[in-house]
>>> print(open('my_file.cif').read())   # mmCIF, C-alpha atoms
data_target
#
loop_
_atom_site.label_atom_id
_atom_site.label_comp_id
_atom_site.auth_asym_id
_atom_site.auth_seq_id
_atom_site.Cartn_x
_atom_site.Cartn_y
_atom_site.Cartn_z
CA MET F 46 -7.04 22.35 -28.03
CA SER F 47 -8.02 19.04 -26.38
CA THR F 48 -7.92 18.45 -22.62
CA LYS F 49 -4.82 16.26 -22.96
CA GLU F 50 -3.07 18.94 -25.01
CA LYS F 51 -3.94 21.59 -22.38
CA VAL F 52 -2.56 19.36 -19.62
CA SER F 53 0.60 18.71 -21.64
CA VAL F 54 1.17 22.45 -22.18
CA LEU F 55 0.64 23.15 -18.47
CA GLU F 56 3.04 20.38 -17.46
CA LYS F 57 5.72 21.94 -19.68
CA GLU F 58 5.10 25.36 -18.10
CA ILE F 59 5.44 23.88 -14.60
CA LYS F 60 8.60 22.06 -15.66
CA LYS F 61 10.12 25.38 -16.81
CA LEU F 62 9.32 26.93 -13.41
CA ILE F 63 11.03 23.99 -11.66
CA GLU F 64 14.08 24.25 -13.91
CA LYS F 65 14.32 27.98 -13.11
CA GLU F 66 14.02 27.28 -9.36
CA ILE F 67 16.75 24.63 -9.54
CA SER F 68 19.09 26.82 -11.65
CA GLU F 69 18.80 29.66 -9.13
CA ASN F 70 19.45 27.40 -6.11
CA PRO F 71 22.54 25.15 -6.33
CA ALA F 72 21.46 23.23 -3.20
CA ILE F 73 18.31 21.96 -4.93
CA ILE F 74 19.12 18.65 -6.63
CA GLY F 75 15.61 17.95 -7.90
CA ILE F 76 11.89 18.60 -7.52
CA ASN F 77 9.03 16.15 -8.10
CA ILE F 78 5.41 17.32 -8.27
CA GLY F 79 2.31 15.14 -8.35
CA THR F 80 -1.38 15.13 -7.49
CA GLN F 81 -2.62 13.93 -4.11
CA ASP F 82 -3.68 10.61 -5.62
CA GLY F 83 -0.04 9.90 -6.51
CA THR F 84 -0.16 10.79 -10.21
CA LEU F 85 2.99 12.42 -11.56
CA ILE F 86 2.61 15.95 -12.94
CA THR F 87 6.26 16.62 -13.74
CA SER F 88 9.73 16.13 -12.33
CA VAL F 89 13.21 17.60 -12.83
CA HIS F 90 16.41 16.16 -11.35
CA LYS F 91 20.08 16.98 -11.88
CA LYS F 92 21.02 13.34 -11.40
CA LYS F 93 19.17 10.18 -12.34
CA LEU F 94 17.40 8.56 -9.37
CA LYS F 95 17.31 4.85 -8.62
CA LEU F 96 13.53 5.09 -8.29
CA THR F 97 11.34 5.99 -11.26
CA LYS F 98 9.55 9.35 -11.20
CA ASN F 99 6.23 7.55 -10.71
CA GLU F 100 7.63 5.58 -7.76
CA VAL F 101 8.84 8.80 -6.14
CA THR F 102 5.43 10.43 -6.63
CA SER F 103 3.38 7.57 -5.19
CA ALA F 104 5.77 7.05 -2.25
CA ASN F 105 5.84 10.76 -1.40
CA SER F 106 2.05 10.94 -1.62
CA SER F 107 1.72 8.00 0.78
CA ILE F 108 4.17 9.52 3.28
CA LEU F 109 2.44 12.90 3.29
CA ILE F 110 -1.09 11.53 3.56
CA LEU F 111 -0.07 9.17 6.39
CA SER F 112 1.88 11.95 8.13
CA LYS F 113 -1.10 14.30 7.81
CA LYS F 114 -3.43 11.73 9.36
CA MET F 115 -1.00 10.83 12.18
CA LEU F 116 -0.43 14.50 13.05
CA ASN F 117 -4.14 15.22 13.02
CA ASP F 118 -5.09 12.15 15.06
CA SER F 119 -2.30 12.50 17.64
CA LEU F 120 -1.87 16.28 17.99
CA ASN F 121 -5.02 17.59 16.28
CA GLN F 122 -2.85 19.71 13.98
CA ASN F 123 -2.56 20.22 10.23
CA ILE F 124 0.66 19.20 8.50
CA SER F 125 3.11 21.92 7.45
CA HIS F 126 5.85 19.85 5.81
CA ASN F 127 7.90 16.69 6.22
CA ILE F 128 11.71 16.46 6.29
CA ILE F 129 13.75 13.28 5.83
CA ALA F 130 17.46 13.60 6.58
CA GLY F 131 19.92 11.32 4.80
CA LYS F 132 23.69 11.28 4.93
CA ASP F 133 24.08 13.57 1.92
CA VAL F 134 20.57 14.81 1.17
CA TYR F 135 17.45 16.28 2.70
CA LEU F 136 14.04 15.38 1.31
CA LEU F 137 11.55 18.18 1.93
CA SER F 138 7.95 17.14 1.24
CA ILE F 139 5.11 19.66 1.08
CA LEU F 140 1.37 19.04 0.82
CA THR F 141 -0.98 21.74 -0.52
CA ASN F 142 -4.68 21.61 -1.38
CA ASN F 143 -3.91 20.46 -4.90
CA ILE F 144 -0.41 18.99 -5.13
CA ILE F 145 2.31 17.08 -3.35
CA MET F 146 5.89 18.25 -3.85
CA VAL F 147 9.17 16.68 -2.79
CA SER F 148 12.44 18.59 -3.11
CA TYR F 149 15.86 16.91 -2.98
CA LEU F 150 18.45 19.14 -1.30
CA ASP F 151 22.23 18.79 -1.08
CA ARG F 152 22.58 18.52 2.69
CA GLU F 153 25.88 20.39 3.02
CA LEU F 154 24.78 23.33 0.85
CA ALA F 155 21.34 23.49 2.47
CA GLU F 156 22.83 23.62 5.96
CA LEU F 157 25.28 26.35 4.93
CA GLU F 158 22.43 28.59 3.81
CA GLY F 159 20.01 27.37 6.47
CA LEU F 160 17.44 24.61 6.02
CA HIS F 161 14.69 26.90 7.32
CA THR F 162 15.34 29.25 4.38
CA PHE F 163 14.75 26.48 1.85
CA THR F 164 11.68 25.29 3.74
CA LYS F 165 10.17 28.78 3.66
CA ASN F 166 11.01 29.44 -0.01
CA LEU F 167 9.96 26.00 -1.29
CA LYS F 168 6.64 26.22 0.55
CA LYS F 169 5.99 29.48 -1.33
CA PHE F 170 7.00 27.77 -4.58
CA ALA F 171 4.65 24.83 -3.85
CA LEU F 172 1.75 27.22 -3.22
CA LYS F 173 2.52 28.98 -6.50
CA ILE F 174 2.39 25.69 -8.43
CA SER F 175 -0.72 24.63 -6.49
CA ALA F 176 -2.52 27.83 -7.55
CA ILE F 177 -1.65 27.14 -11.19
CA VAL F 178 -2.87 23.54 -10.95
CA GLU F 179 -6.07 24.50 -9.10
CA THR F 180 -7.58 26.25 -12.12
CA SER F 181 -6.28 23.75 -14.67
CA GLU F 182 -7.44 20.60 -16.39
CA ILE F 183 -4.99 18.57 -14.26
CA ILE F 184 -7.34 18.55 -11.26
CA ARG F 185 -10.32 17.77 -13.46
CA GLU F 186 -8.36 14.86 -14.90
CA GLU F 187 -7.14 13.57 -11.52
CA ILE F 188 -8.06 9.88 -11.33
CA PHE F 189 -9.79 10.09 -7.96
CA VAL F 190 -11.93 13.05 -9.03
CA SER F 191 -12.67 11.60 -12.48
CA ILE F 192 -13.89 8.26 -11.12
CA LYS F 193 -16.13 9.90 -8.51
CA ARG F 194 -17.63 12.00 -11.29
CA ALA F 195 -18.04 9.06 -13.70
CA ILE F 196 -19.40 6.64 -11.04
CA PRO F 197 -21.30 8.83 -8.53
CA ASN F 198 -22.76 5.86 -6.63
CA THR F 199 -19.28 4.77 -5.49
CA LEU F 200 -19.34 3.47 -1.91
CA ILE F 201 -15.60 2.98 -1.45
CA LEU F 202 -12.81 4.48 -3.52
CA ALA F 203 -9.18 3.71 -2.73
CA ILE F 204 -5.83 4.35 -4.35
CA LEU F 205 -2.86 2.67 -2.70
CA THR F 206 0.59 1.29 -3.42
CA LYS F 207 0.98 -2.37 -4.29
CA ASP F 208 2.67 -2.76 -0.90
CA GLY F 209 -0.57 -1.73 0.79
CA ILE F 210 0.28 1.85 1.75
CA PRO F 211 -2.79 4.11 1.39
CA ILE F 212 -2.48 7.10 -0.93
CA LYS F 213 -6.03 8.41 -1.14
CA ILE F 214 -9.03 6.69 0.44
CA GLN F 215 -12.76 7.37 0.64
CA SER F 216 -14.25 4.84 3.05
CA THR F 217 -15.78 4.47 6.51
CA MET F 218 -13.42 1.53 7.05
CA PRO F 219 -9.98 2.24 8.62
CA GLU F 220 -7.59 3.15 5.81
CA SER F 221 -4.75 0.88 6.93
CA MET F 222 -7.02 -2.15 7.23
CA LEU F 223 -8.70 -1.55 3.88
CA SER F 224 -5.38 -0.96 2.11
CA ALA F 225 -3.82 -4.09 3.61
CA MET F 226 -6.74 -6.27 2.46
CA ILE F 227 -6.85 -4.81 -1.06
CA SER F 228 -3.09 -5.22 -1.43
CA ALA F 229 -3.21 -8.81 -0.16
CA ILE F 230 -6.00 -9.74 -2.56
CA TYR F 231 -4.22 -8.12 -5.52
CA ASN F 232 -0.84 -9.70 -4.79
CA LEU F 233 -2.27 -13.15 -4.06
CA SER F 234 -4.28 -12.94 -7.28
CA GLU F 235 -1.03 -12.20 -9.10
CA VAL F 236 0.53 -15.32 -7.55
CA LEU F 237 -2.44 -17.47 -8.59
CA ILE F 238 -2.36 -16.12 -12.12
CA GLU F 239 1.35 -16.99 -12.22
CA LYS F 240 2.74 -13.45 -12.23
CA GLN F 241 0.85 -12.41 -15.35
CA ASN F 242 -0.33 -8.82 -15.46
CA ILE F 243 -3.69 -8.65 -13.73
CA GLU F 244 -6.29 -6.73 -15.70
CA TYR F 245 -8.80 -6.63 -12.86
CA SER F 246 -10.38 -8.63 -10.04
CA ILE F 247 -14.05 -8.52 -9.05
CA ILE F 248 -15.44 -9.52 -5.65
CA THR F 249 -19.20 -9.95 -5.99
CA GLY F 250 -21.79 -10.11 -3.22
CA GLU F 251 -25.58 -10.38 -3.29
CA SER F 252 -26.15 -6.72 -4.13
CA GLY F 253 -22.71 -5.13 -4.36
CA SER F 254 -19.25 -5.58 -5.84
CA ILE F 255 -15.65 -4.51 -5.31
CA ILE F 256 -13.48 -3.97 -8.37
CA ILE F 257 -9.68 -4.06 -7.92
CA ILE F 258 -7.54 -2.91 -10.83
CA GLY F 259 -3.88 -2.01 -11.29
CA LEU F 260 -3.31 1.67 -12.09
CA ASP F 261 0.36 1.43 -13.02
CA GLU F 262 3.53 -0.38 -11.89
CA ASN F 263 3.20 1.11 -8.39
CA ARG F 264 -0.48 1.70 -7.59
CA ILE F 265 -3.76 -0.17 -7.18
CA LEU F 266 -7.29 1.19 -7.49
CA ALA F 267 -10.26 -0.33 -5.66
CA ILE F 268 -13.87 0.75 -5.98
CA ALA F 269 -17.02 -0.60 -4.31
CA VAL F 270 -20.41 -0.14 -5.95
CA PRO F 271 -23.96 -1.20 -4.93
CA GLU F 272 -24.32 -3.43 -7.97
CA ALA F 273 -23.88 -7.17 -8.63
CA ASP F 274 -25.19 -7.40 -12.20
CA GLU F 275 -22.32 -8.55 -14.45
CA THR F 276 -23.38 -6.32 -17.37
CA LYS F 277 -23.44 -3.20 -15.21
CA ILE F 278 -20.13 -4.16 -13.57
CA GLY F 279 -18.68 -4.47 -17.07
CA THR F 280 -19.85 -0.92 -17.77
CA TYR F 281 -18.12 0.32 -14.61
CA ILE F 282 -14.88 -1.41 -15.61
CA ALA F 283 -15.06 0.18 -19.08
CA LYS F 284 -15.49 3.62 -17.48
CA ILE F 285 -12.52 3.05 -15.17
CA LYS F 286 -10.32 1.86 -18.04
CA SER F 287 -11.19 4.93 -20.12
CA ILE F 288 -10.13 7.17 -17.22
CA ILE F 289 -6.84 5.47 -16.30
CA LYS F 290 -5.62 4.61 -19.82
#
>>> encode(input="my_file.cif", output="structure tokens")
Amino acid sequence: MSTKEKVSVLEKEIKKLIEKEISENPAIIGINIGTQDGTLITSVHKKKLKLTKNEVTSANSSILILSKKMLNDSLNQNISHNIIAGKDVYLLSILTNNIIMVSYLDRELAELEGLHTFTKNLKKFALKISAIVETSEIIREEIFVSIKRAIPNTLILAILTKDGIPIKIQSTMPESMLSAMISAIYNLSEVLIEKQNIEYSIITGESGSIIIIGLDENRILAIAVPEADETKIGTYIAKIKSIIK
């Protein structure tokens, strides 16, 4: 069985676990699970969302990573979970070592049973899924991990939304500043190329380069390498394309 086939089988198994969790809890409207770099693993919802599943995954990843950093920088504490209260729904987001999970809860039903009960139970469920993912091919195939493995001399590695919200960053530069600049360059390049789909953009210096490439409809990847030779940069781009295809 190939790696892709193994991942596909695992995703189906996780989907069955989500479906079981939802069927046993009427207050749960849906559950979306992704990797920390904003890649969708699987998602189950009773009703169709306005956002795509990929949009939900990348947005939830951004919120959790930013919340984790803010909590750590301001209170020197690790994040437990994040709750967003809407008129009719609660969004409960949980970050583990391997996954991000957002659960959509019917507000009225959740409050009747007690929101703390759902928080406790869904955190256990997230840890269960995280343990399954930890030993799987999904982590090995995670874009962030795969690129670091394929291009070990990477100086900067960033995954962010096209709006400039950081998802996963490896850099000595402040994440918000780096993300804003990458997003601005990507979006301005799109304007200059007259809204055509950008394949990639390369910023070349005397002895280093930054490659900016669109991951999907929601995310951008940027990587800095200590190389300015066009042939070698072409090799790096080929490696990136093979990973994100």
>>> residues_around(input="my_file.cif", residues="F:Tyr245", least_positions_apart="2", cutoff="8 Å", atoms="all atoms listed in the file", output="CSV table (one decimal) with C-alpha atoms, in the coordinates of the input")
chain,number,residue,atom,x,y,z
F,243,ILE,CA,-3.7,-8.6,-13.7
F,247,ILE,CA,-14.0,-8.5,-9.0
F,256,ILE,CA,-13.5,-4.0,-8.4
F,257,ILE,CA,-9.7,-4.1,-7.9
F,258,ILE,CA,-7.5,-2.9,-10.8
F,259,GLY,CA,-3.9,-2.0,-11.3
>>> atom_distance(input="my_file.cif", atom1="atom CA of F:Arg264", atom2="atom CA of F:Leu205")
5.5 Å
>>> closest_residue(input="my_file.cif", among="F:Ile145, F:Ile282, F:Leu55, F:Ile177", to="F:Ala195", atoms="only C-alpha atoms")
F:Ile282
>>> atom_distance(input="my_file.cif", atom1="atom CA of F:Ile110", atom2="atom CA of F:Glu158")
29.1 Å
>>> atom_distance(input="my_file.cif", atom1="atom CA of F:Lys173", atom2="atom CA of F:Lys93")
25.8 Å
>>> resolve_selection(input="my_file.cif", expression="the PyMOL selection byres ((chain F and resi 188) around 8)", output="JSON, numbers by chain")
{"F": [82, 186, 187, 189, 190, 191, 192, 288, 289]}
>>> resolve_selection(input="my_file.cif", expression="the PyMOL selection byres ((chain F and resi 215) around 9)", output="PyMOL selection string")
chain F and resi 200-203+213-214+216-218+220
>>> closest_residue(input="my_file.cif", among="F:Leu237, F:Thr199, F:Leu136, F:Lys65", to="F:Tyr281", atoms="only C-alpha atoms")
F:Thr199
>>> residues_around(input="my_file.cif", residues="F:Ile139", least_positions_apart="3", cutoff="10 Å", atoms="all atoms listed in the file", output="PyMOL selection string")
chain F and resi 78+105-106+109+124-128+136+144-148+164+167-168+171-172
>>> residues_around(input="my_file.cif", residues="F:Phe163", least_positions_apart="3", cutoff="12 Å", atoms="only C-alpha atoms", output="ChimeraX atom specification")
/F:66-67,70-73,126,128,135-139,148-152,154-160,166-171
